[in-house]
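Asks: Just passing along the structure, written as structure tokens.
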Amino acid sequence: MSKAKTEKKRARQAANGNKGAQAKKGKPAIWDGNVRDAALTILLAVDQNQAYSNLLLHQTIEKYKIDAKDRGLLTELTYGTLQYKMTLDYYLEPYVRGKLDDWVRWLLRLSLYQIVYLDKIPDHAAVNEAVEIAKHRARHRGVSATVNGILRSILREGVQDTTKIEDVATRISIETSHPEWLVRRYIDAFGVEKTEDLLIENNFPPLQTVRVNATKADTTKGLETLWEEKYAVRRSQTIPECLHIVEGQPAKSQAFKDGVITIQDESSMIPAYALDVKPGMRVYDMCSAPGGKTTHIAEKMNNEGELIATDLHQHKMKLIQQNADRLGLSIIQTQVMDGRKATEAFEKESFDRILVDAPCSGLGVIRRKPDIKYTKSEADFASLHAIQLDLLESAYELLKVGGKMVYSTCTIDKLENNGTVEAFLEKHPDLVLAPVVNAPEALTELRETGMMQVFPQDFNSDGFFVAAFEKKA
Ligand SMILES: C[S@@+](CC[C@H](N)C(=O)[O-])C[C@H]1O[C@@H](n2cnc3c(N)ncnc32)[C@H](O)[C@@H]1O
């Protein structure tokens with residue numbers, strides 16, 4: 001890993017914060033003021049209960065009203081340890097004899113993360129804290145002695161040098177902490193350099209971005225509104241209605257409550273452009289919850305026309321309506337539906353525009369959910385590819401001749417993205433990729449070809465894929 005690259009990304013990491021949403025699985029960590037102990041509890045829950053790290057972290061912070069200083073450290077320790085789990089195991093390996101309980105291994109990873117990656121925490125403090133936690137949690141003293149012994153040996157003797165690993169995929173896998181099968185899959189698809197850049201980027205927090213609601217304010221007004229509220233914000237150079245939040249929690253702003261802004265990753269703002277909607281059109285958003293793109297489409301339609309938003313999951317539907325209400329968008333009609341059966345509910349060839357923002361492996365959002373990289377397996381791609389094709393088939397039936405449809409995912413995988421597009425086009429000679437001439441200039445590939453894979457390192461957004469099609473007569 002290049003030192004300059006790492007330093008640049010670390011500086012950005014310091015400038016930005018992480019964010020999350022509501023927790024689903026797992027319980028918030030018990031909070032007694034001990035940041036490391038809380039981080040350990042979250043890491044164990046993520047590992048054992050398949051709880052989502054971002055959700056659990058957020059829930060812990062909200063439940064115990066953890067202050068900004070501890071919140072920053074808790075976030076850093078939880079994400080950092082999870083992000084570098086495999087690297088940390090590689091460093092621990094020569095020092096561990098015999099089997100360790102899961103919590104002891106996570107405690108060692110957590111402590112070693114501080115020693116290796118965090119300058120602001122003195123090594124002896126990381127070791128002492130680890131020993132205290134071990135004493136507190138273990139039934140016998142042997143555990144704290146083991147933790148103490150391993151960490152002090154590492155401090156004395158150092159960690160293994162990863163640059164000596166000969167096989168390039170193995171080296172990248174260990175250095176960036178991504179499973180080797182995924183590294184090899186990426187190298188095959190994108191080459192070594194792009195893969196390495198991508199996997200390094202995955203270990204840094206995402207930039208917070210918001211979208212200004214064009215039916216309420218232009219981008220300048222949105223920017224000024226947030227400045228007045230003392231948020232550190234700047235314009236994006238990529239998507240015109242996107243603002244980059246340098247500091248602050250936009251979800252707590254008055255601008256958010258007033259429906260002037262929506263929190264959305266910048267990549268997710270691309271499909272509404274690709275769809276090329278106009279006021280008055282009849283539009284269908286097939287996989288729409290929680291409605292980030294639906295509401296963007298409604299804004300681009302100037303809240304005029306008909307916009308039907310479906311999703312498979314009942315419990316997610318109210319999120320779309322809540323978002324629409326907050327943003328003052330009245331044209332959205334929500335319905336629970338399996339997109340594969342939408343042809344039973346709607347007339348064929350009756351929509352001007354259709355978005356299929358499909359379920360996918362989510363490998364583009366590893367920065368937000370580092371646990372994803374350890375839980376996916378190669379078998380997942382083929383089944384997702386099949387569902388994606390079924391959804392597109394259904395959308396094809398519903399699209400008017402001369403209409404446009406868009407396929408998008410938040411993943412970086414050739415089979416799910418280019419593979420799905422190729423299989424779909426092969427089946428329908430009357431469909432062509434439609435260059436998105438109205439797309440912002442920075443999206444050159446989309447403007448020229450109608451298809452684009454966005455990598456997180458391209459403009460610091462989520463990894464994302466979008467393809468636009470037109471149904472010819
Ligand atoms: C990538 S998310 C959509 C995000 C959404 N478009 C947005 O911008 O907020 C994919 C969605 O597809 C939904 N989904 C999965 N299978 C589906 C199906 N067979 N029919 C309709 N929706 C489905 C999931 O519930 C999930 O909400």
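Note on naming: chains are A, B, ... as they come in the structure tokens, residues start from 1 per chain, ligands start from 1 in the order shown.
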Would you pick out the contacts of A:Thr238 at 9 Å or less, using only C-alpha atoms, so that residues sharing its chain but fewer than 5 positions from it are not included, and give the list as a list of chain:residue names?

Replies: A:Glu266, A:Pro440, A:Glu441, A:Ala442, A:Leu443, A:Phe459

Asks: Just the selected residues (C-alpha atoms), exported as a CSV table (one decimal), in the first residue's frame, please.

Replies:
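Result went into selection24.csv, see below:
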chain,number,residue,atom,x,y,z
A,266,GLU,CA,-23.8,11.4,-4.6
A,440,PRO,CA,-23.5,16.3,-15.7
A,441,GLU,CA,-20.2,16.7,-17.5
A,442,ALA,CA,-18.2,14.8,-15.0
A,443,LEU,CA,-20.1,11.7,-15.9
A,459,PHE,CA,-15.3,11.1,-7.0

Asks: For ligand 1, return the neighbouring residues as a list in words (distance at most 6 Å; only C-alpha atoms and all ligand atoms).

Replies: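 So, counting only C-alpha atoms and all ligand atoms, the residues near ligand 1 are Met286, Cys287, Ser288, Ala289, Pro290, Gly291, Gly292, Lys293, Asp311, Leu312, His313, Met337, Asp338, Gly339, Arg340, Asp357, Ala358 and Pro359 of chain A.
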
Asks: Go through A:Met405, A:Leu112, A:Ile187, A:Val246 one by one, measure the shortest atom-to-atom distance of each to A:Val159 using only C-alpha atoms, and give the residue with the smallest value.

Replies: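 Selected residue with least distance to A:Val159: A:Leu112.
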
Asks: Got a sec: who's within 12 Å of A:Gly364, counting only C-alpha atoms, leaving out chain neighbours fewer than 6 positions off, as a PDB file with N, CA and C atoms, in the first residue's frame?

Replies:
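This is the output file result-v1.pdb:
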ATOM      1  N   LEU A 198      -9.362   0.673  -5.246  1.00  0.00           N
ATOM      2  CA  LEU A 198     -10.721   0.455  -4.739  1.00  0.00           C
ATOM      3  C   LEU A 198     -10.697  -0.102  -3.314  1.00  0.00           C
ATOM      4  N   LEU A 199      -9.858  -1.101  -3.087  1.00  0.00           N
ATOM      5  CA  LEU A 199      -9.889  -1.769  -1.785  1.00  0.00           C
ATOM      6  C   LEU A 199      -9.253  -0.906  -0.687  1.00  0.00           C
ATOM      7  N   GLU A 201      -9.553   2.387  -0.758  1.00  0.00           N
ATOM      8  CA  GLU A 201     -10.621   3.374  -0.544  1.00  0.00           C
ATOM      9  C   GLU A 201     -11.732   2.826   0.352  1.00  0.00           C
ATOM     10  N   ASN A 202     -12.009   1.534   0.205  1.00  0.00           N
ATOM     11  CA  ASN A 202     -13.068   0.912   1.006  1.00  0.00           C
ATOM     12  C   ASN A 202     -12.828   1.021   2.507  1.00  0.00           C
ATOM     13  N   ASN A 203     -11.579   1.278   2.911  1.00  0.00           N
ATOM     14  CA  ASN A 203     -11.280   1.340   4.347  1.00  0.00           C
ATOM     15  C   ASN A 203     -11.350   2.753   4.912  1.00  0.00           C
ATOM     16  N   PRO A 206     -17.091   7.225   4.302  1.00  0.00           N
ATOM     17  CA  PRO A 206     -17.688   7.930   3.169  1.00  0.00           C
ATOM     18  C   PRO A 206     -17.851   9.408   3.470  1.00  0.00           C
ATOM     19  N   ASP A 265     -26.305   9.640  -0.915  1.00  0.00           N
ATOM     20  CA  ASP A 265     -24.968   9.570  -1.481  1.00  0.00           C
ATOM     21  C   ASP A 265     -24.980  10.113  -2.917  1.00  0.00           C
ATOM     22  N   SER A 267     -23.540   9.194  -5.697  1.00  0.00           N
ATOM     23  CA  SER A 267     -23.769   8.230  -6.786  1.00  0.00           C
ATOM     24  C   SER A 267     -25.252   7.960  -6.994  1.00  0.00           C
ATOM     25  N   SER A 268     -25.981   7.937  -5.891  1.00  0.00           N
ATOM     26  CA  SER A 268     -27.421   7.632  -5.976  1.00  0.00           C
ATOM     27  C   SER A 268     -28.207   8.754  -6.640  1.00  0.00           C
ATOM     28  N   PRO A 370     -18.676  -2.168   6.588  1.00  0.00           N
ATOM     29  CA  PRO A 370     -17.504  -3.014   6.319  1.00  0.00           C
ATOM     30  C   PRO A 370     -17.788  -4.499   6.496  1.00  0.00           C
ATOM     31  N   ILE A 372     -19.976  -6.213   5.221  1.00  0.00           N
ATOM     32  CA  ILE A 372     -20.395  -6.824   3.953  1.00  0.00           C
ATOM     33  C   ILE A 372     -19.275  -7.665   3.337  1.00  0.00           C
ATOM     34  N   LYS A 373     -18.046  -7.170   3.432  1.00  0.00           N
ATOM     35  CA  LYS A 373     -16.972  -7.855   2.709  1.00  0.00           C
ATOM     36  C   LYS A 373     -16.646  -9.232   3.294  1.00  0.00           C
ATOM     37  N   SER A 408     -29.959   0.201 -12.186  1.00  0.00           N
ATOM     38  CA  SER A 408     -28.846   0.643 -11.348  1.00  0.00           C
ATOM     39  C   SER A 408     -28.646  -0.294 -10.168  1.00  0.00           C
ATOM     40  N   THR A 409     -27.408  -0.333  -9.674  1.00  0.00           N
ATOM     41  CA  THR A 409     -27.079  -1.112  -8.461  1.00  0.00           C
ATOM     42  C   THR A 409     -26.039  -0.334  -7.661  1.00  0.00           C
ATOM     43  N   CYS A 410     -25.944  -0.665  -6.374  1.00  0.00           N
ATOM     44  CA  CYS A 410     -24.864  -0.064  -5.572  1.00  0.00           C
ATOM     45  C   CYS A 410     -23.771  -1.113  -5.370  1.00  0.00           C
ATOM     46  N   THR A 411     -23.450  -1.803  -6.455  1.00  0.00           N
ATOM     47  CA  THR A 411     -22.387  -2.795  -6.323  1.00  0.00           C
ATOM     48  C   THR A 411     -21.318  -2.628  -7.394  1.00  0.00           C
ATOM     49  N   ILE A 412     -20.207  -3.304  -7.156  1.00  0.00           N
ATOM     50  CA  ILE A 412     -19.119  -3.327  -8.130  1.00  0.00           C
ATOM     51  C   ILE A 412     -18.889  -4.788  -8.428  1.00  0.00           C
ATOM     52  N   ASP A 413     -19.571  -5.288  -9.438  1.00  0.00           N
ATOM     53  CA  ASP A 413     -19.387  -6.678  -9.838  1.00  0.00           C
ATOM     54  C   ASP A 413     -19.783  -6.816 -11.297  1.00  0.00           C
ATOM     55  N   ASN A 417     -23.558  -6.346 -12.937  1.00  0.00           N
ATOM     56  CA  ASN A 417     -23.705  -5.081 -13.664  1.00  0.00           C
ATOM     57  C   ASN A 417     -23.642  -5.301 -15.184  1.00  0.00           C
ATOM     58  N   GLN A 453     -19.782   2.426 -14.629  1.00  0.00           N
ATOM     59  CA  GLN A 453     -19.453   1.865 -13.317  1.00  0.00           C
ATOM     60  C   GLN A 453     -18.712   2.951 -12.542  1.00  0.00           C
ATOM     61  N   VAL A 454     -19.263   3.354 -11.423  1.00  0.00           N
ATOM     62  CA  VAL A 454     -18.596   4.357 -10.586  1.00  0.00           C
ATOM     63  C   VAL A 454     -17.842   3.630  -9.468  1.00  0.00           C
ATOM     64  N   PHE A 455     -16.567   3.976  -9.299  1.00  0.00           N
ATOM     65  CA  PHE A 455     -15.772   3.427  -8.191  1.00  0.00           C
ATOM     66  C   PHE A 455     -15.690   4.483  -7.081  1.00  0.00           C
ATOM     67  N   PRO A 456     -15.588   4.056  -5.814  1.00  0.00           N
ATOM     68  CA  PRO A 456     -15.513   5.057  -4.733  1.00  0.00           C
ATOM     69  C   PRO A 456     -14.358   6.032  -4.908  1.00  0.00           C
ATOM     70  N   GLN A 457     -13.277   5.578  -5.545  1.00  0.00           N
ATOM     71  CA  GLN A 457     -12.122   6.466  -5.720  1.00  0.00           C
ATOM     72  C   GLN A 457     -12.329   7.477  -6.851  1.00  0.00           C
ATOM     73  N   ASN A 460     -15.248  10.050  -4.809  1.00  0.00           N
ATOM     74  CA  ASN A 460     -15.490   9.907  -3.368  1.00  0.00           C
ATOM     75  C   ASN A 460     -16.966   9.684  -3.036  1.00  0.00           C
ATOM     76  N   SER A 461     -17.618   8.845  -3.843  1.00  0.00           N
ATOM     77  CA  SER A 461     -19.009   8.480  -3.557  1.00  0.00           C
ATOM     78  C   SER A 461     -19.055   6.955  -3.430  1.00  0.00           C
ATOM     79  N   ASP A 462     -20.260   6.419  -3.216  1.00  0.00           N
ATOM     80  CA  ASP A 462     -20.388   4.964  -3.155  1.00  0.00           C
ATOM     81  C   ASP A 462     -20.058   4.352  -4.518  1.00  0.00           C
ATOM     82  N   GLY A 463     -19.628   3.100  -4.500  1.00  0.00           N
ATOM     83  CA  GLY A 463     -19.494   2.363  -5.744  1.00  0.00           C
ATOM     84  C   GLY A 463     -20.896   2.144  -6.304  1.00  0.00           C
ATOM     85  N   PHE A 464     -21.071   2.337  -7.611  1.00  0.00           N
ATOM     86  CA  PHE A 464     -22.426   2.361  -8.157  1.00  0.00           C
ATOM     87  C   PHE A 464     -22.367   2.019  -9.633  1.00  0.00           C
ATOM     88  N   PHE A 465     -23.487   1.499 -10.149  1.00  0.00           N
ATOM     89  CA  PHE A 465     -23.539   1.179 -11.575  1.00  0.00           C
ATOM     90  C   PHE A 465     -24.857   1.676 -12.140  1.00  0.00           C
TER      91      PHE A 465
END

Asks: Tell me, as a PyMOL selection string, which residues lie within 8 Å of A:Gln114, counting only C-alpha atoms; anything in the same chain fewer than 6 positions away does not count.

Replies: chain A and resi 77+121+123+126
